[in-house]
Amino acid sequence: MAGAKNHDYHILPPSIWPLMGSMSALALAMGGIMWMHPEQMGNAGAAVFYLGLAGVLATMFFWWTDVVKEAHAGDHTPVVSLHLRYGMILFIASEVMFFVGWFWAFFDFSLFPSALEPIEGLFPSKDIEVLNAFELPLLNTLILLCSGTTVTWAHHSLIHGDREGLKKGLLATILLGMLFTSIQAYEYVHAPFAFGETPYGSAFYMATGFHGFHVLVGTIFLIVCLVRANKGHFTPRQHFGFEAAAWYWHFVDVVWLFLFAAIYVWGGWGAPVHGG
């Protein structure tokens with residue numbers, strides 16, 4: 001029969017969201033640039049930025065809603081599901097390289113401090129007190145490690161058809177993620193050094209701050225999964241949305257272990273400790 005489907009791929013219907021997402025991302029970037037340079041580009045930067053941000057968030061919501069509807073409609077064949085997994089793996093790989101840049105900056109500052117005149121060949125500079133790695137940073141490390149076990153508990157519960165275990169594991173992971181973010185915010189408020197004053201402060205806040213942003217995104221990702229679980233979504237055979245969230249959360253865990261070891265422990269070794 002003409003038009004009969006004879007392949008395992010899902011051909012998407014026409015959608016406005018790719019165009020909407022592209023235009024919103026452009027507005028977001030241009031608005032941010034205009035906002036940072038009001039003397040050359042006027043005072044409309046903030047409005048353009050928030051308009052672009054609203055468009056990006058709307059695109060994310062409605063596009064992913066369409067993906068969920070396609071899954072329920074049976075459009076996610078084994079081949080399509082495999083390619084969704086490939087896409088998530090490549091996305092996480094790109095995130096790994098994003099953090100490689102911040103680690104590179106931190107190690108460049110720390111291993112070659114003589115090229116930086118303001119810090120007199122020392123890293124951290126002699127007038128900086130560092131945070132005690134074995135207080136709040138160690139506590140946050142334990143929290144993230146526990147959250148990795150709870151999200152794994154949720155995953156195994158889902159695979160074995162235990163929906164209550166799935167919900168409890170997701171809720172525990174979300175609460176631990178919120179606790180991590182709260183402790184990091186407290187740490188930033190009481191940190192003895194500011195962003196931008198020294199290379200150490202800049203590298204510290206950029207690396208740990210972007211990780212904190214990823215924890216926030218991952219927490220939202222898991223909240224969406226919990227809402228979907230309460231609606232009866234996900235089955236032992238089809239649960240890519242949850243699986244992607246779990247992969248992302250494990251990635252966040254692993255990155256934090258490297259941050260804790262490299263920046264908090266090794267990066268502050270020998271420097272005076274704040275409050276010590």
# chains A, B, ... in the order shown; residues from 1 in each chain; ligands from 1
call {"tool": "select_by_dssp", "arguments": {"residues": "region 151-223 of chain A", "states": "helix (DSSP H, G or I)", "output": "VMD selection string"}}
result
chain A and resid 151 to 159 163 to 189 199 to 223
call {"tool": "residues_around", "arguments": {"residues": "region 75-86 of chain A", "least_positions_apart": "2", "cutoff": "9 Å", "atoms": "only C-alpha atoms", "output": "PDB file with N, CA and C atoms, in the first residue's frame"}}
result
ATOM      1  N   ASP A   8      11.994   0.989  10.722  1.00  0.00           N
ATOM      2  CA  ASP A   8      11.885   1.118  12.173  1.00  0.00           C
ATOM      3  C   ASP A   8      12.076   2.551  12.667  1.00  0.00           C
ATOM      4  N   TYR A   9      12.187   3.485  11.746  1.00  0.00           N
ATOM      5  CA  TYR A   9      12.452   4.859  12.150  1.00  0.00           C
ATOM      6  C   TYR A   9      11.153   5.640  12.324  1.00  0.00           C
ATOM      7  N   HIS A  10      11.219   6.676  13.131  1.00  0.00           N
ATOM      8  CA  HIS A  10      10.059   7.531  13.362  1.00  0.00           C
ATOM      9  C   HIS A  10      10.258   8.828  12.594  1.00  0.00           C
ATOM     10  N   ILE A  11       9.453   9.078  11.588  1.00  0.00           N
ATOM     11  CA  ILE A  11       9.530  10.305  10.815  1.00  0.00           C
ATOM     12  C   ILE A  11       8.684  11.360  11.524  1.00  0.00           C
ATOM     13  N   LYS A  69       4.733  12.444  24.280  1.00  0.00           N
ATOM     14  CA  LYS A  69       3.538  11.979  23.565  1.00  0.00           C
ATOM     15  C   LYS A  69       3.912  10.952  22.496  1.00  0.00           C
ATOM     16  N   GLU A  70       5.034  11.178  21.815  1.00  0.00           N
ATOM     17  CA  GLU A  70       5.486  10.220  20.801  1.00  0.00           C
ATOM     18  C   GLU A  70       5.813   8.876  21.442  1.00  0.00           C
ATOM     19  N   ALA A  71       6.416   8.911  22.642  1.00  0.00           N
ATOM     20  CA  ALA A  71       6.738   7.656  23.335  1.00  0.00           C
ATOM     21  C   ALA A  71       5.470   6.879  23.664  1.00  0.00           C
ATOM     22  N   HIS A  72       4.442   7.585  24.169  1.00  0.00           N
ATOM     23  CA  HIS A  72       3.181   6.918  24.508  1.00  0.00           C
ATOM     24  C   HIS A  72       2.445   6.429  23.267  1.00  0.00           C
ATOM     25  N   ALA A  73       2.710   7.080  22.134  1.00  0.00           N
ATOM     26  CA  ALA A  73       2.041   6.672  20.897  1.00  0.00           C
ATOM     27  C   ALA A  73       2.716   5.466  20.238  1.00  0.00           C
ATOM     28  N   MET A  88      21.976  11.199  24.032  1.00  0.00           N
ATOM     29  CA  MET A  88      22.254  11.561  25.423  1.00  0.00           C
ATOM     30  C   MET A  88      23.720  11.321  25.757  1.00  0.00           C
ATOM     31  N   ILE A  89      24.283  10.245  25.246  1.00  0.00           N
ATOM     32  CA  ILE A  89      25.703   9.951  25.490  1.00  0.00           C
ATOM     33  C   ILE A  89      26.573  11.057  24.901  1.00  0.00           C
ATOM     34  N   LEU A  90      26.255  11.505  23.697  1.00  0.00           N
ATOM     35  CA  LEU A  90      27.037  12.575  23.072  1.00  0.00           C
ATOM     36  C   LEU A  90      26.871  13.882  23.829  1.00  0.00           C
ATOM     37  N   PHE A  91      25.654  14.141  24.323  1.00  0.00           N
ATOM     38  CA  PHE A  91      25.441  15.352  25.117  1.00  0.00           C
ATOM     39  C   PHE A  91      26.299  15.322  26.380  1.00  0.00           C
ATOM     40  N   GLN A 238      10.238   0.450  28.847  1.00  0.00           N
ATOM     41  CA  GLN A 238      10.394   1.748  28.186  1.00  0.00           C
ATOM     42  C   GLN A 238      10.442   2.857  29.231  1.00  0.00           C
ATOM     43  N   PHE A 240      13.182   5.655  28.880  1.00  0.00           N
ATOM     44  CA  PHE A 240      14.385   6.402  28.514  1.00  0.00           C
ATOM     45  C   PHE A 240      14.465   7.750  29.231  1.00  0.00           C
ATOM     46  N   GLU A 243      15.974   7.129  32.461  1.00  0.00           N
ATOM     47  CA  GLU A 243      17.345   6.654  32.279  1.00  0.00           C
ATOM     48  C   GLU A 243      18.284   7.806  31.948  1.00  0.00           C
ATOM     49  N   ALA A 244      17.822   8.736  31.100  1.00  0.00           N
ATOM     50  CA  ALA A 244      18.641   9.894  30.750  1.00  0.00           C
ATOM     51  C   ALA A 244      18.915  10.747  31.988  1.00  0.00           C
TER      52      ALA A 244
END
call {"tool": "residues_around", "arguments": {"residues": "region 245-251 of chain A", "least_positions_apart": "5", "cutoff": "9 Å", "atoms": "only C-alpha atoms", "output": "list in words"}}
result
Met88, Ile89, Ile92, Glu95, Val96, Ser147, Gly148, Val151, Thr152, His155, His214, Val215, Gly218, Thr219, Phe221, Leu222, Cys225, Phe240 and Trp256 of chain A
call {"tool": "atom_distance", "arguments": {"atom1": "CA of Gly209 (chain A)", "atom2": "CA of Tyr186 (chain A)"}}
result
12.7 Å
call {"tool": "residues_around", "arguments": {"residues": "Leu57 (chain A)", "least_positions_apart": "4", "cutoff": "12 Å", "atoms": "only C-alpha atoms", "output": "list in words"}}
result
Trp17, Met20, Gly21, Ser24, Ala25, Leu28, Tyr50, Leu51, Gly52, Leu53, Phe61, Phe62, Trp63 and Trp64 of chain A
call {"tool": "residues_around", "arguments": {"residues": "Thr235 (chain A)", "least_positions_apart": "6", "cutoff": "10 Å", "atoms": "only C-alpha atoms", "output": "PyMOL selection string"}}
result
chain A and resi 158-161+163+229
call {"tool": "write_last_selection", "arguments": {"atoms": "N, CA, C and O atoms", "output": "compact mmCIF listing (two decimals), in the first residue's frame"}}
result
# COMPACT_ATOMS: atom_id res chain seq x y z
N LEU A 158 12.35 0.49 39.29
CA LEU A 158 11.58 0.61 38.04
C LEU A 158 11.73 -0.63 37.18
O LEU A 158 10.76 -1.17 36.65
N ILE A 159 12.96 -1.11 37.07
CA ILE A 159 13.21 -2.29 36.24
C ILE A 159 12.45 -3.51 36.76
O ILE A 159 11.96 -4.34 35.97
N HIS A 160 12.30 -3.60 38.07
CA HIS A 160 11.62 -4.74 38.68
C HIS A 160 10.14 -4.47 38.97
O HIS A 160 9.50 -5.24 39.69
N GLY A 161 9.60 -3.39 38.43
CA GLY A 161 8.18 -3.11 38.55
C GLY A 161 7.73 -2.58 39.90
O GLY A 161 6.53 -2.58 40.20
N ARG A 163 6.95 0.40 41.68
CA ARG A 163 6.72 1.81 41.44
C ARG A 163 6.87 2.64 42.72
O ARG A 163 7.28 3.81 42.66
N ALA A 229 6.37 9.82 37.01
CA ALA A 229 6.18 8.55 37.69
C ALA A 229 4.85 8.53 38.43
O ALA A 229 4.14 7.52 38.44
call {"tool": "residues_around", "arguments": {"residues": "Ala262 (chain A)", "least_positions_apart": "4", "cutoff": "9 Å", "atoms": "only C-alpha atoms", "output": "number ranges by chain"}}
result
A: 103, 106-107, 257-258, 266-268
call {"tool": "atom_distance", "arguments": {"atom1": "CA of Val273 (chain A)", "atom2": "CA of Thr141 (chain A)"}}
result
18.9 Å
